[in-house]
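Below is the file upload_12.pdb, which contains PDB, C-alpha atoms and all ligand atoms.
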```
ATOM      1  CA  MET A   1       0.000   0.000   0.000  1.00  0.00           C
ATOM      2  CA  TYR A   2       1.215   3.521  -0.782  1.00  0.00           C
ATOM      3  CA  LYS A   3       1.820   6.075   1.980  1.00  0.00           C
ATOM      4  CA  LEU A   4       1.200   9.706   1.111  1.00  0.00           C
ATOM      5  CA  TYR A   5       2.983  12.318   3.235  1.00  0.00           C
ATOM      6  CA  ASN A   6       0.525  15.144   3.001  1.00  0.00           C
ATOM      7  CA  VAL A   7       0.085  18.744   4.172  1.00  0.00           C
ATOM      8  CA  LYS A   8      -3.180  20.578   3.640  1.00  0.00           C
ATOM      9  CA  ALA A   9      -3.160  22.567   0.379  1.00  0.00           C
ATOM     10  CA  TRP A  10       0.580  21.985  -0.203  1.00  0.00           C
ATOM     11  CA  GLY A  11       2.027  20.214  -3.231  1.00  0.00           C
ATOM     12  CA  SER A  12       0.808  16.839  -1.968  1.00  0.00           C
ATOM     13  CA  LEU A  13      -2.747  17.885  -2.898  1.00  0.00           C
ATOM     14  CA  SER A  14      -2.134  16.961  -6.546  1.00  0.00           C
ATOM     15  CA  ILE A  15      -0.930  13.472  -5.590  1.00  0.00           C
ATOM     16  CA  HIS A  16      -3.797  13.039  -3.142  1.00  0.00           C
ATOM     17  CA  CYS A  17      -6.256  13.811  -5.977  1.00  0.00           C
ATOM     18  CA  LEU A  18      -4.426  11.415  -8.290  1.00  0.00           C
ATOM     19  CA  LEU A  19      -4.571   8.532  -5.795  1.00  0.00           C
ATOM     20  CA  GLU A  20      -8.304   9.146  -5.318  1.00  0.00           C
ATOM     21  CA  GLU A  21      -8.926   9.268  -9.064  1.00  0.00           C
ATOM     22  CA  MET A  22      -6.956   6.030  -9.465  1.00  0.00           C
ATOM     23  CA  GLU A  23      -8.802   4.339  -6.607  1.00  0.00           C
ATOM     24  CA  VAL A  24      -5.627   2.584  -5.502  1.00  0.00           C
ATOM     25  CA  PRO A  25      -5.139   1.720  -1.815  1.00  0.00           C
ATOM     26  CA  TYR A  26      -3.033   4.188   0.173  1.00  0.00           C
ATOM     27  CA  THR A  27      -2.545   5.461   3.687  1.00  0.00           C
ATOM     28  CA  ASN A  28      -2.776   9.187   4.113  1.00  0.00           C
ATOM     29  CA  ILE A  29      -0.349  10.731   6.603  1.00  0.00           C
ATOM     30  CA  TRP A  30      -1.352  14.285   7.488  1.00  0.00           C
ATOM     31  CA  MET A  31       1.614  16.360   8.565  1.00  0.00           C
ATOM     32  CA  THR A  32       2.064  19.829   9.981  1.00  0.00           C
ATOM     33  CA  PRO A  33       4.622  22.225   8.460  1.00  0.00           C
ATOM     34  CA  GLU A  34       6.657  21.791  11.675  1.00  0.00           C
ATOM     35  CA  GLN A  35       6.779  18.018  11.195  1.00  0.00           C
ATOM     36  CA  VAL A  36       7.886  18.505   7.580  1.00  0.00           C
ATOM     37  CA  ARG A  37      10.668  20.837   8.738  1.00  0.00           C
ATOM     38  CA  ALA A  38      11.871  18.509  11.502  1.00  0.00           C
ATOM     39  CA  PRO A  39      15.268  16.899  10.711  1.00  0.00           C
ATOM     40  CA  GLU A  40      13.799  13.372  11.105  1.00  0.00           C
ATOM     41  CA  PHE A  41      11.554  13.880   8.088  1.00  0.00           C
ATOM     42  CA  ARG A  42      14.681  14.083   5.890  1.00  0.00           C
ATOM     43  CA  ASP A  43      15.163  10.365   6.486  1.00  0.00           C
ATOM     44  CA  ILE A  44      11.946   9.964   4.475  1.00  0.00           C
ATOM     45  CA  SER A  45      12.114  12.919   2.059  1.00  0.00           C
ATOM     46  CA  PRO A  46      15.776  13.971   1.740  1.00  0.00           C
ATOM     47  CA  LEU A  47      15.045  17.598   0.835  1.00  0.00           C
ATOM     48  CA  GLY A  48      12.492  17.925   3.611  1.00  0.00           C
ATOM     49  CA  MET A  49       9.728  18.497   1.107  1.00  0.00           C
ATOM     50  CA  ILE A  50       6.182  17.463   0.426  1.00  0.00           C
ATOM     51  CA  PRO A  51       4.962  15.515  -1.516  1.00  0.00           C
ATOM     52  CA  ALA A  52       6.627  12.202  -0.730  1.00  0.00           C
ATOM     53  CA  LEU A  53       5.157   8.807  -1.499  1.00  0.00           C
ATOM     54  CA  GLY A  54       6.076   5.634   0.362  1.00  0.00           C
ATOM     55  CA  LEU A  55       6.013   2.617  -1.949  1.00  0.00           C
ATOM     56  CA  PRO A  56       4.835  -0.840  -0.939  1.00  0.00           C
ATOM     57  CA  ASP A  57       8.478  -2.069  -0.776  1.00  0.00           C
ATOM     58  CA  ALA A  58       9.199   0.644   1.836  1.00  0.00           C
ATOM     59  CA  ASN A  59      11.240   2.993  -0.398  1.00  0.00           C
ATOM     60  CA  THR A  60       9.955   6.538  -0.527  1.00  0.00           C
ATOM     61  CA  ILE A  61       9.968   8.627  -3.680  1.00  0.00           C
ATOM     62  CA  TYR A  62       9.874  12.419  -3.794  1.00  0.00           C
ATOM     63  CA  GLU A  63       9.609  15.251  -6.363  1.00  0.00           C
ATOM     64  CA  SER A  64       6.039  15.748  -7.504  1.00  0.00           C
ATOM     65  CA  ALA A  65       6.684  15.129 -11.228  1.00  0.00           C
ATOM     66  CA  ALA A  66       8.539  11.888 -10.434  1.00  0.00           C
ATOM     67  CA  ILE A  67       5.623  10.727  -8.280  1.00  0.00           C
ATOM     68  CA  VAL A  68       3.095  11.515 -11.032  1.00  0.00           C
ATOM     69  CA  SER A  69       5.267   9.749 -13.640  1.00  0.00           C
ATOM     70  CA  PHE A  70       5.677   6.760 -11.352  1.00  0.00           C
ATOM     71  CA  LEU A  71       1.953   6.421 -10.619  1.00  0.00           C
ATOM     72  CA  VAL A  72       0.766   6.710 -14.222  1.00  0.00           C
ATOM     73  CA  ALA A  73       3.377   4.146 -15.294  1.00  0.00           C
ATOM     74  CA  ALA A  74       2.540   1.784 -12.419  1.00  0.00           C
ATOM     75  CA  HIS A  75      -1.218   1.993 -13.125  1.00  0.00           C
ATOM     76  CA  PRO A  76      -1.675   2.405 -16.893  1.00  0.00           C
ATOM     77  CA  ASP A  77      -5.088   0.714 -16.599  1.00  0.00           C
ATOM     78  CA  LYS A  78      -6.355   3.815 -14.753  1.00  0.00           C
ATOM     79  CA  HIS A  79      -5.859   5.927 -17.892  1.00  0.00           C
ATOM     80  CA  LEU A  80      -4.624   9.036 -16.142  1.00  0.00           C
ATOM     81  CA  SER A  81      -2.062   9.684 -18.842  1.00  0.00           C
ATOM     82  CA  PRO A  82      -1.918   8.919 -22.569  1.00  0.00           C
ATOM     83  CA  GLU A  83      -0.505   5.509 -23.443  1.00  0.00           C
ATOM     84  CA  LEU A  84       3.102   5.242 -22.210  1.00  0.00           C
ATOM     85  CA  GLY A  85       5.564   5.869 -25.014  1.00  0.00           C
ATOM     86  CA  SER A  86       2.980   7.368 -27.372  1.00  0.00           C
ATOM     87  CA  PRO A  87       3.461  10.843 -28.929  1.00  0.00           C
ATOM     88  CA  ALA A  88       0.676  12.146 -26.678  1.00  0.00           C
ATOM     89  CA  TYR A  89       2.613  10.801 -23.690  1.00  0.00           C
ATOM     90  CA  GLY A  90       5.588  12.886 -24.819  1.00  0.00           C
ATOM     91  CA  GLU A  91       3.357  15.956 -24.802  1.00  0.00           C
ATOM     92  CA  PHE A  92       2.025  14.996 -21.365  1.00  0.00           C
ATOM     93  CA  MET A  93       5.601  14.705 -20.036  1.00  0.00           C
ATOM     94  CA  SER A  94       6.585  18.071 -21.526  1.00  0.00           C
ATOM     95  CA  LEU A  95       3.700  19.758 -19.732  1.00  0.00           C
ATOM     96  CA  LEU A  96       4.342  17.909 -16.473  1.00  0.00           C
ATOM     97  CA  HIS A  97       8.003  18.881 -16.429  1.00  0.00           C
ATOM     98  CA  PHE A  98       7.276  22.437 -17.530  1.00  0.00           C
ATOM     99  CA  MET A  99       4.919  22.771 -14.573  1.00  0.00           C
ATOM    100  CA  SER A 100       7.276  21.183 -12.057  1.00  0.00           C
ATOM    101  CA  THR A 101      10.496  22.908 -13.112  1.00  0.00           C
ATOM    102  CA  GLU A 102       9.210  26.304 -14.277  1.00  0.00           C
ATOM    103  CA  LEU A 103       5.750  27.178 -13.021  1.00  0.00           C
ATOM    104  CA  TYR A 104       5.962  25.612  -9.530  1.00  0.00           C
ATOM    105  CA  PRO A 105       9.306  27.157  -8.448  1.00  0.00           C
ATOM    106  CA  THR A 106       8.506  30.515 -10.061  1.00  0.00           C
ATOM    107  CA  ASN A 107       5.283  30.526  -8.114  1.00  0.00           C
ATOM    108  CA  THR A 108       7.208  29.766  -4.921  1.00  0.00           C
ATOM    109  CA  ILE A 109       9.369  32.852  -5.529  1.00  0.00           C
ATOM    110  CA  ALA A 110       6.258  34.939  -6.305  1.00  0.00           C
ATOM    111  CA  PHE A 111       5.068  33.904  -2.859  1.00  0.00           C
ATOM    112  CA  GLY A 112       8.044  35.516  -1.164  1.00  0.00           C
ATOM    113  CA  GLU A 113       9.700  32.193  -0.381  1.00  0.00           C
ATOM    114  CA  SER A 114      12.741  32.438  -2.663  1.00  0.00           C
ATOM    115  CA  GLY A 115      15.279  31.999   0.107  1.00  0.00           C
ATOM    116  CA  TYR A 116      17.589  34.277  -1.946  1.00  0.00           C
ATOM    117  CA  ALA A 117      16.759  37.745  -0.657  1.00  0.00           C
ATOM    118  CA  GLU A 118      18.652  39.475   2.127  1.00  0.00           C
ATOM    119  CA  THR A 119      16.409  42.524   2.423  1.00  0.00           C
ATOM    120  CA  ASP A 120      12.692  43.256   2.130  1.00  0.00           C
ATOM    121  CA  GLY A 121      13.447  45.330  -0.947  1.00  0.00           C
ATOM    122  CA  GLN A 122      15.186  42.414  -2.651  1.00  0.00           C
ATOM    123  CA  GLU A 123      12.311  40.107  -1.748  1.00  0.00           C
ATOM    124  CA  ALA A 124       9.755  42.547  -3.171  1.00  0.00           C
ATOM    125  CA  PHE A 125      11.789  42.814  -6.382  1.00  0.00           C
ATOM    126  CA  LEU A 126      12.057  39.041  -6.748  1.00  0.00           C
ATOM    127  CA  MET A 127       8.359  38.582  -6.019  1.00  0.00           C
ATOM    128  CA  ALA A 128       7.350  41.120  -8.676  1.00  0.00           C
ATOM    129  CA  ARG A 129       9.661  39.609 -11.312  1.00  0.00           C
ATOM    130  CA  ALA A 130       8.517  36.079 -10.499  1.00  0.00           C
ATOM    131  CA  ARG A 131       4.864  37.092 -10.699  1.00  0.00           C
ATOM    132  CA  GLU A 132       5.467  38.554 -14.147  1.00  0.00           C
ATOM    133  CA  ARG A 133       7.213  35.376 -15.279  1.00  0.00           C
ATOM    134  CA  ALA A 134       4.487  33.173 -13.785  1.00  0.00           C
ATOM    135  CA  ASP A 135       1.881  35.228 -15.681  1.00  0.00           C
ATOM    136  CA  GLY A 136       3.681  34.380 -18.923  1.00  0.00           C
ATOM    137  CA  TYR A 137       3.544  30.692 -18.009  1.00  0.00           C
ATOM    138  CA  TRP A 138      -0.157  30.921 -17.156  1.00  0.00           C
ATOM    139  CA  ARG A 139      -0.764  32.650 -20.504  1.00  0.00           C
ATOM    140  CA  PHE A 140       0.846  29.688 -22.253  1.00  0.00           C
ATOM    141  CA  LEU A 141      -1.437  27.228 -20.413  1.00  0.00           C
ATOM    142  CA  GLU A 142      -4.477  29.468 -20.953  1.00  0.00           C
ATOM    143  CA  LYS A 143      -3.803  29.515 -24.698  1.00  0.00           C
ATOM    144  CA  ARG A 144      -3.546  25.742 -24.802  1.00  0.00           C
ATOM    145  CA  LEU A 145      -6.744  25.263 -22.785  1.00  0.00           C
ATOM    146  CA  SER A 146      -8.664  27.825 -24.885  1.00  0.00           C
ATOM    147  CA  ALA A 147      -7.632  26.041 -28.072  1.00  0.00           C
ATOM    148  CA  SER A 148      -8.051  22.452 -26.902  1.00  0.00           C
ATOM    149  CA  GLY A 149      -9.492  22.224 -23.374  1.00  0.00           C
ATOM    150  CA  PRO A 150     -11.275  21.751 -21.120  1.00  0.00           C
ATOM    151  CA  TRP A 151      -8.405  19.651 -19.663  1.00  0.00           C
ATOM    152  CA  LEU A 152      -4.689  20.012 -20.315  1.00  0.00           C
ATOM    153  CA  MET A 153      -4.711  16.886 -22.497  1.00  0.00           C
ATOM    154  CA  GLY A 154      -7.891  17.979 -24.282  1.00  0.00           C
ATOM    155  CA  ARG A 155     -11.129  16.081 -23.739  1.00  0.00           C
ATOM    156  CA  GLU A 156      -9.502  13.499 -21.436  1.00  0.00           C
ATOM    157  CA  PHE A 157      -8.942  14.295 -17.761  1.00  0.00           C
ATOM    158  CA  SER A 158      -5.378  13.334 -16.787  1.00  0.00           C
ATOM    159  CA  ALA A 159      -2.882  13.527 -13.921  1.00  0.00           C
ATOM    160  CA  LEU A 160      -1.871  16.951 -15.249  1.00  0.00           C
ATOM    161  CA  ASP A 161      -5.167  18.497 -14.194  1.00  0.00           C
ATOM    162  CA  PRO A 162      -4.904  18.109 -10.398  1.00  0.00           C
ATOM    163  CA  TYR A 163      -1.287  19.224 -10.801  1.00  0.00           C
ATOM    164  CA  VAL A 164      -2.140  22.503 -12.517  1.00  0.00           C
ATOM    165  CA  PHE A 165      -5.133  22.953 -10.213  1.00  0.00           C
ATOM    166  CA  THR A 166      -2.864  22.700  -7.162  1.00  0.00           C
ATOM    167  CA  ILE A 167      -0.559  25.438  -8.441  1.00  0.00           C
ATOM    168  CA  SER A 168      -3.554  27.588  -9.397  1.00  0.00           C
ATOM    169  CA  ILE A 169      -4.942  27.659  -5.853  1.00  0.00           C
ATOM    170  CA  TRP A 170      -1.716  29.457  -4.843  1.00  0.00           C
ATOM    171  CA  GLY A 171      -2.368  32.144  -7.497  1.00  0.00           C
ATOM    172  CA  ARG A 172      -0.948  35.566  -6.710  1.00  0.00           C
ATOM    173  CA  PRO A 173      -2.294  38.000  -5.568  1.00  0.00           C
ATOM    174  CA  SER A 174      -5.187  35.505  -5.121  1.00  0.00           C
ATOM    175  CA  GLU A 175      -6.825  32.521  -6.784  1.00  0.00           C
ATOM    176  CA  GLU A 176      -9.746  34.787  -7.748  1.00  0.00           C
ATOM    177  CA  ALA A 177      -7.397  37.264  -9.444  1.00  0.00           C
ATOM    178  CA  LEU A 178      -5.735  34.420 -11.370  1.00  0.00           C
ATOM    179  CA  HIS A 179      -9.168  33.228 -12.539  1.00  0.00           C
ATOM    180  CA  ALA A 180     -10.175  36.725 -13.626  1.00  0.00           C
ATOM    181  CA  LYS A 181      -7.061  36.929 -15.816  1.00  0.00           C
ATOM    182  CA  PHE A 182      -7.178  33.372 -17.125  1.00  0.00           C
ATOM    183  CA  PRO A 183     -10.768  32.170 -17.702  1.00  0.00           C
ATOM    184  CA  ALA A 184      -9.822  28.771 -19.138  1.00  0.00           C
ATOM    185  CA  ILE A 185      -7.829  28.027 -15.958  1.00  0.00           C
ATOM    186  CA  ALA A 186     -10.906  29.094 -13.960  1.00  0.00           C
ATOM    187  CA  LYS A 187     -13.023  26.721 -16.035  1.00  0.00           C
ATOM    188  CA  LEU A 188     -10.623  23.826 -15.438  1.00  0.00           C
ATOM    189  CA  ALA A 189     -10.613  24.534 -11.692  1.00  0.00           C
ATOM    190  CA  ALA A 190     -14.438  24.601 -11.588  1.00  0.00           C
ATOM    191  CA  ALA A 191     -14.670  21.337 -13.547  1.00  0.00           C
ATOM    192  CA  LEU A 192     -12.140  19.675 -11.231  1.00  0.00           C
ATOM    193  CA  ARG A 193     -14.026  20.879  -8.140  1.00  0.00           C
ATOM    194  CA  ALA A 194     -17.174  19.307  -9.607  1.00  0.00           C
ATOM    195  CA  ARG A 195     -15.635  15.819  -9.888  1.00  0.00           C
ATOM    196  CA  ALA A 196     -17.430  13.496  -7.491  1.00  0.00           C
ATOM    197  CA  LYS A 197     -14.276  11.496  -6.691  1.00  0.00           C
ATOM    198  CA  LEU A 198     -12.416  14.612  -5.576  1.00  0.00           C
ATOM    199  CA  LYS A 199     -14.950  16.416  -3.409  1.00  0.00           C
ATOM    200  CA  ALA A 200     -13.938  14.825  -0.098  1.00  0.00           C
ATOM    201  CA  VAL A 201     -10.219  15.396  -0.773  1.00  0.00           C
ATOM    202  CA  LEU A 202     -10.726  19.029  -1.725  1.00  0.00           C
ATOM    203  CA  GLU A 203     -12.879  19.529   1.347  1.00  0.00           C
ATOM    204  CA  ALA A 204     -10.182  17.973   3.556  1.00  0.00           C
ATOM    205  CA  HIS A 205      -7.581  20.364   2.094  1.00  0.00           C
ATOM    206  CA  GLY A 206      -9.962  23.318   2.607  1.00  0.00           C
ATOM    207  CA  VAL A 207     -10.011  24.196  -1.097  1.00  0.00           C
ATOM    208  CA  LEU A 208     -13.403  22.997  -2.288  1.00  0.00           C
ATOM    209  CA  LYS A 209     -14.331  26.651  -2.763  1.00  0.00           C
ATOM    210  CA  VAL A 210     -12.329  29.223  -4.733  1.00  0.00           C
ATOM    211  CA  GLY A 211      -9.996  31.144  -2.436  1.00  0.00           C
ATOM    212  CA  GLY A 212      -9.946  28.372   0.193  1.00  0.00           C
ATOM    213  CA  TYR A 213      -6.144  28.381   0.279  1.00  0.00           C
ATOM    214  CA  GLY A 214      -5.838  32.021   1.288  1.00  0.00           C
ATOM    215  CA  ALA A 215      -8.784  31.909   3.711  1.00  0.00           C
TER
HETATM  216  N1  LIG B 301      10.386  20.336  -6.557  1.00  0.00           N
HETATM  217  C1  LIG B 301       9.544  19.898  -5.484  1.00  0.00           C
HETATM  218  C2  LIG B 301       8.965  21.122  -4.777  1.00  0.00           C
HETATM  219  C3  LIG B 301       8.102  20.733  -3.622  1.00  0.00           C
HETATM  220  C4  LIG B 301       7.806  21.900  -2.700  1.00  0.00           C
HETATM  221  O1  LIG B 301       8.176  23.060  -2.952  1.00  0.00           O
HETATM  222  N2  LIG B 301       7.117  21.579  -1.593  1.00  0.00           N
HETATM  223  C5  LIG B 301       6.847  22.563  -0.584  1.00  0.00           C
HETATM  224  C6  LIG B 301       5.370  22.606  -0.233  1.00  0.00           C
HETATM  225  S1  LIG B 301       4.339  23.050  -1.591  1.00  0.00           S
HETATM  226  C7  LIG B 301       7.548  22.116   0.698  1.00  0.00           C
HETATM  227  O2  LIG B 301       7.530  20.950   1.039  1.00  0.00           O
HETATM  228  N3  LIG B 301       8.148  23.058   1.410  1.00  0.00           N
HETATM  229  C8  LIG B 301       8.839  22.772   2.624  1.00  0.00           C
HETATM  230  C9  LIG B 301       8.732  23.878   3.621  1.00  0.00           C
HETATM  231  O3  LIG B 301       8.045  24.886   3.375  1.00  0.00           O
HETATM  232  O4  LIG B 301       9.342  23.715   4.676  1.00  0.00           O
HETATM  233  C10 LIG B 301       8.414  19.017  -6.036  1.00  0.00           C
HETATM  234  O5  LIG B 301       7.982  19.242  -7.184  1.00  0.00           O
HETATM  235  O6  LIG B 301       7.989  18.094  -5.331  1.00  0.00           O
END
```

What would you get if you wrote out this structure as structure tokens?
Amino acid sequence: MYKLYNVKAWGSLSIHCLLEEMEVPYTNIWMTPEQVRAPEFRDISPLGMIPALGLPDANTIYESAAIVSFLVAAHPDKHLSPELGSPAYGEFMSLLHFMSTELYPTNTIAFGESGYAETDGQEAFLMARARERADGYWRFLEKRLSASGPWLMGREFSALDPYVFTISIWGRPSEEALHAKFPAIAKLAAALRARAKLKAVLEAHGVLKVGGYGA
């Protein structure tokens, strides 16, 4: 059985949604930010980060994109990605890695959590530049969704959708403001919130309603 190390409305939300959509057995381990930051947690997740997923053989994997890739490859019968190795799978992987290596960390900096700034002025500068860059990334996703939505892979819901949804709830200056700027992202978020399999999870993370993260 999988073990999900989970913090409310943190990056583990996307994996939590994926496990629910897949209907595979897992144990959910709710953690506080303090528990995540405790040195002992690094024995499980070496960078001290969420999400981390314990595998049935007791190894734990980390990095959200690696966890998504692992789960869709381990459970191809759940159809939460295009067929492994197909051209559409290549497109899926491009989007997944774009989101994990560009959008996610840029968003973290836009939040004021760069870890690079020494002064408030530097932090404000970094936040403004990161928000601008994140807007460009959202525009790219918005364009794709407007042309071939409602989901990131078109008509088929996939593991990419809870992933982008999770980043969108952290929208800056707010989720509402992100939705006002990017209507196709707002539409995806509404459609995801309407999925019966995800309601309980979203409720547990406090994000069933728009703006739940900042509330
Ligand atoms: N590259 C990592 C980033 C994960 C990440 O930034 N996680 C944040 C929560 S959303 C975290 O665990 N932060 C630790 C902390 O704030 O102490 C991934 O994609 O899994």

Determine the residue membership of the PyMOL selection byres (((chain A and resi 215) around 12) and not hetatm) for the file above and supply it as a list in words.
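Output of the PyMOL selection byres (((chain A and resi 215) around 12) and not hetatm): Ala9, Ile169, Trp170, Ser174, Glu175, Glu176, His205, Gly206, Val207, Leu208, Lys209, Val210, Gly211, Gly212, Tyr213 and Gly214 of chain A.
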
Atom pair atom CA of Glu156 of chain A / atom CA of Pro76 of chain A: separation (Å)
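These two atoms are separated by 14.3 Å.
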
Select from chain A every residue with an atom at most 8 Å from any atom of ligand LIG 301 (chain B), then for each give the shortest pair of atoms and their distance in Å to one decimal, using only C-alpha atoms and all ligand atoms, rows by chain and rising number, as JSON lines.
```
{"residue": "A:Val7", "atom": "CA", "partner": "B:LIG301", "partner_atom": "C6", "distance": 7.9}
{"residue": "A:Ala9", "atom": "CA", "partner": "B:LIG301", "partner_atom": "S1", "distance": 7.8}
{"residue": "A:Trp10", "atom": "CA", "partner": "B:LIG301", "partner_atom": "S1", "distance": 4.1}
{"residue": "A:Gly11", "atom": "CA", "partner": "B:LIG301", "partner_atom": "S1", "distance": 4.0}
{"residue": "A:Ser12", "atom": "CA", "partner": "B:LIG301", "partner_atom": "S1", "distance": 7.2}
{"residue": "A:Pro33", "atom": "CA", "partner": "B:LIG301", "partner_atom": "O4", "distance": 6.2}
{"residue": "A:Glu34", "atom": "CA", "partner": "B:LIG301", "partner_atom": "O4", "distance": 7.7}
{"residue": "A:Val36", "atom": "CA", "partner": "B:LIG301", "partner_atom": "O4", "distance": 6.1}
{"residue": "A:Arg37", "atom": "CA", "partner": "B:LIG301", "partner_atom": "O4", "distance": 5.2}
{"residue": "A:Gly48", "atom": "CA", "partner": "B:LIG301", "partner_atom": "C8", "distance": 6.1}
{"residue": "A:Met49", "atom": "CA", "partner": "B:LIG301", "partner_atom": "O2", "distance": 3.3}
{"residue": "A:Ile50", "atom": "CA", "partner": "B:LIG301", "partner_atom": "O2", "distance": 3.8}
{"residue": "A:Pro51", "atom": "CA", "partner": "B:LIG301", "partner_atom": "O6", "distance": 5.5}
{"residue": "A:Ala52", "atom": "CA", "partner": "B:LIG301", "partner_atom": "O6", "distance": 7.6}
{"residue": "A:Tyr62", "atom": "CA", "partner": "B:LIG301", "partner_atom": "O6", "distance": 6.2}
{"residue": "A:Glu63", "atom": "CA", "partner": "B:LIG301", "partner_atom": "O6", "distance": 3.4}
{"residue": "A:Ser64", "atom": "CA", "partner": "B:LIG301", "partner_atom": "O6", "distance": 3.7}
{"residue": "A:Ala65", "atom": "CA", "partner": "B:LIG301", "partner_atom": "O5", "distance": 5.9}
{"residue": "A:Ser100", "atom": "CA", "partner": "B:LIG301", "partner_atom": "O5", "distance": 5.3}
{"residue": "A:Thr101", "atom": "CA", "partner": "B:LIG301", "partner_atom": "N1", "distance": 7.0}
{"residue": "A:Tyr104", "atom": "CA", "partner": "B:LIG301", "partner_atom": "O5", "distance": 7.1}
{"residue": "A:Pro105", "atom": "CA", "partner": "B:LIG301", "partner_atom": "O1", "distance": 6.9}
{"residue": "A:Thr108", "atom": "CA", "partner": "B:LIG301", "partner_atom": "O1", "distance": 7.1}
```

One decimal, in Å: what's the spacing between atom CA of Asp135 of chain A and atom CA of Thr119 of chain A?
24.3 Å

Of A:Pro87, A:Met31, A:Leu80, A:Tyr5, the one sitting nearest Ile61 of chain A when using only C-alpha atoms is A:Tyr5

Leaving out Leu145 of chain A and any residue of its chain fewer than 5 positions from it, which residues lie within 9 Å of it when counting only C-alpha atoms, given as a PyMOL selection string?
chain A and resi 140+150-154+184-185+188

Convert the output of the PyMOL selection byres (((chain A and resi 132) around 12) and not hetatm) on the shown file into explicit residues, formatted as an MDAnalysis selection string.
chainID A and resid 103 106:107 109:110 125:131 133:139 172:173

Restricting the output to C-alpha atoms, write the selected residues as a compact mmCIF listing (two decimals), in the frame of the given file.
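So part38.txt came out as:
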```
# COMPACT_ATOMS: atom_id res chain seq x y z
CA LEU A 103 5.75 27.18 -13.02
CA THR A 106 8.51 30.52 -10.06
CA ASN A 107 5.28 30.53 -8.11
CA ILE A 109 9.37 32.85 -5.53
CA ALA A 110 6.26 34.94 -6.30
CA PHE A 125 11.79 42.81 -6.38
CA LEU A 126 12.06 39.04 -6.75
CA MET A 127 8.36 38.58 -6.02
CA ALA A 128 7.35 41.12 -8.68
CA ARG A 129 9.66 39.61 -11.31
CA ALA A 130 8.52 36.08 -10.50
CA ARG A 131 4.86 37.09 -10.70
CA ARG A 133 7.21 35.38 -15.28
CA ALA A 134 4.49 33.17 -13.78
CA ASP A 135 1.88 35.23 -15.68
CA GLY A 136 3.68 34.38 -18.92
CA TYR A 137 3.54 30.69 -18.01
CA TRP A 138 -0.16 30.92 -17.16
CA ARG A 139 -0.76 32.65 -20.50
CA ARG A 172 -0.95 35.57 -6.71
CA PRO A 173 -2.29 38.00 -5.57
```

List the residues selected by the PyMOL selection byres (((chain A and resi 19) around 12) and not hetatm) in the file shown, writing them as an mmCIF file with C-alpha atoms, keeping the file's coordinate frame.
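Output file part21.cif is given in full below:
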```
data_model
loop_
_atom_site.group_PDB
_atom_site.id
_atom_site.type_symbol
_atom_site.label_atom_id
_atom_site.label_comp_id
_atom_site.auth_asym_id
_atom_site.auth_seq_id
_atom_site.Cartn_x
_atom_site.Cartn_y
_atom_site.Cartn_z
ATOM 1 C CA MET A 1 0.000 0.000 0.000
ATOM 2 C CA TYR A 2 1.215 3.521 -0.782
ATOM 3 C CA LYS A 3 1.820 6.075 1.980
ATOM 4 C CA LEU A 4 1.200 9.706 1.111
ATOM 5 C CA SER A 12 0.808 16.839 -1.968
ATOM 6 C CA LEU A 13 -2.747 17.885 -2.898
ATOM 7 C CA SER A 14 -2.134 16.961 -6.546
ATOM 8 C CA ILE A 15 -0.930 13.472 -5.590
ATOM 9 C CA HIS A 16 -3.797 13.039 -3.142
ATOM 10 C CA CYS A 17 -6.256 13.811 -5.977
ATOM 11 C CA LEU A 18 -4.426 11.415 -8.290
ATOM 12 C CA GLU A 20 -8.304 9.146 -5.318
ATOM 13 C CA GLU A 21 -8.926 9.268 -9.064
ATOM 14 C CA MET A 22 -6.956 6.030 -9.465
ATOM 15 C CA GLU A 23 -8.802 4.339 -6.607
ATOM 16 C CA VAL A 24 -5.627 2.584 -5.502
ATOM 17 C CA PRO A 25 -5.139 1.720 -1.815
ATOM 18 C CA TYR A 26 -3.033 4.188 0.173
ATOM 19 C CA THR A 27 -2.545 5.461 3.687
ATOM 20 C CA ASN A 28 -2.776 9.187 4.113
ATOM 21 C CA LEU A 53 5.157 8.807 -1.499
ATOM 22 C CA ILE A 67 5.623 10.727 -8.280
ATOM 23 C CA VAL A 68 3.095 11.515 -11.032
ATOM 24 C CA PHE A 70 5.677 6.760 -11.352
ATOM 25 C CA LEU A 71 1.953 6.421 -10.619
ATOM 26 C CA VAL A 72 0.766 6.710 -14.222
ATOM 27 C CA ALA A 74 2.540 1.784 -12.419
ATOM 28 C CA HIS A 75 -1.218 1.993 -13.125
ATOM 29 C CA LYS A 78 -6.355 3.815 -14.753
ATOM 30 C CA LEU A 80 -4.624 9.036 -16.142
ATOM 31 C CA ALA A 159 -2.882 13.527 -13.921
ATOM 32 C CA PRO A 162 -4.904 18.109 -10.398
ATOM 33 C CA LYS A 197 -14.276 11.496 -6.691
ATOM 34 C CA LEU A 198 -12.416 14.612 -5.576
ATOM 35 C CA VAL A 201 -10.219 15.396 -0.773
#
```

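Atom CA of His97 of chain A sits 20.9 Å away from atom CA of Glu113 of chain A.
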
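The residue that comes closest to Glu83 of chain A, out of A:Arg144, A:Ser158, A:Tyr163, A:Ala180 and on the basis of only C-alpha atoms, is A:Ser158.
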
Using only C-alpha atoms: which of A:Glu102, A:Glu40, A:Glu91, A:Glu118 has the shortest distance to Ile167 of chain A:
A:Glu102

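Nearest-residue note for Ser45 of chain A: choosing from A:Ser146, A:Thr166, A:Ile29, A:Thr60, the minimum distance belongs to A:Thr60, counting only C-alpha atoms.
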
Write out as a PyMOL selection string each polymer residue whose atoms come within 10 Å of Ala186 of chain A, counting only C-alpha atoms; drop sequence neighbours fewer than 4 positions from it.
chain A and resi 142+165+168+175-182+190-192+210

Closest of A:Leu202, A:Met93, A:Ala117, A:Ala124 to Ala66 of chain A - atom-to-atom distances counting all atoms listed in the file:
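Smallest separation from Ala66 of chain A among the options: A:Met93.
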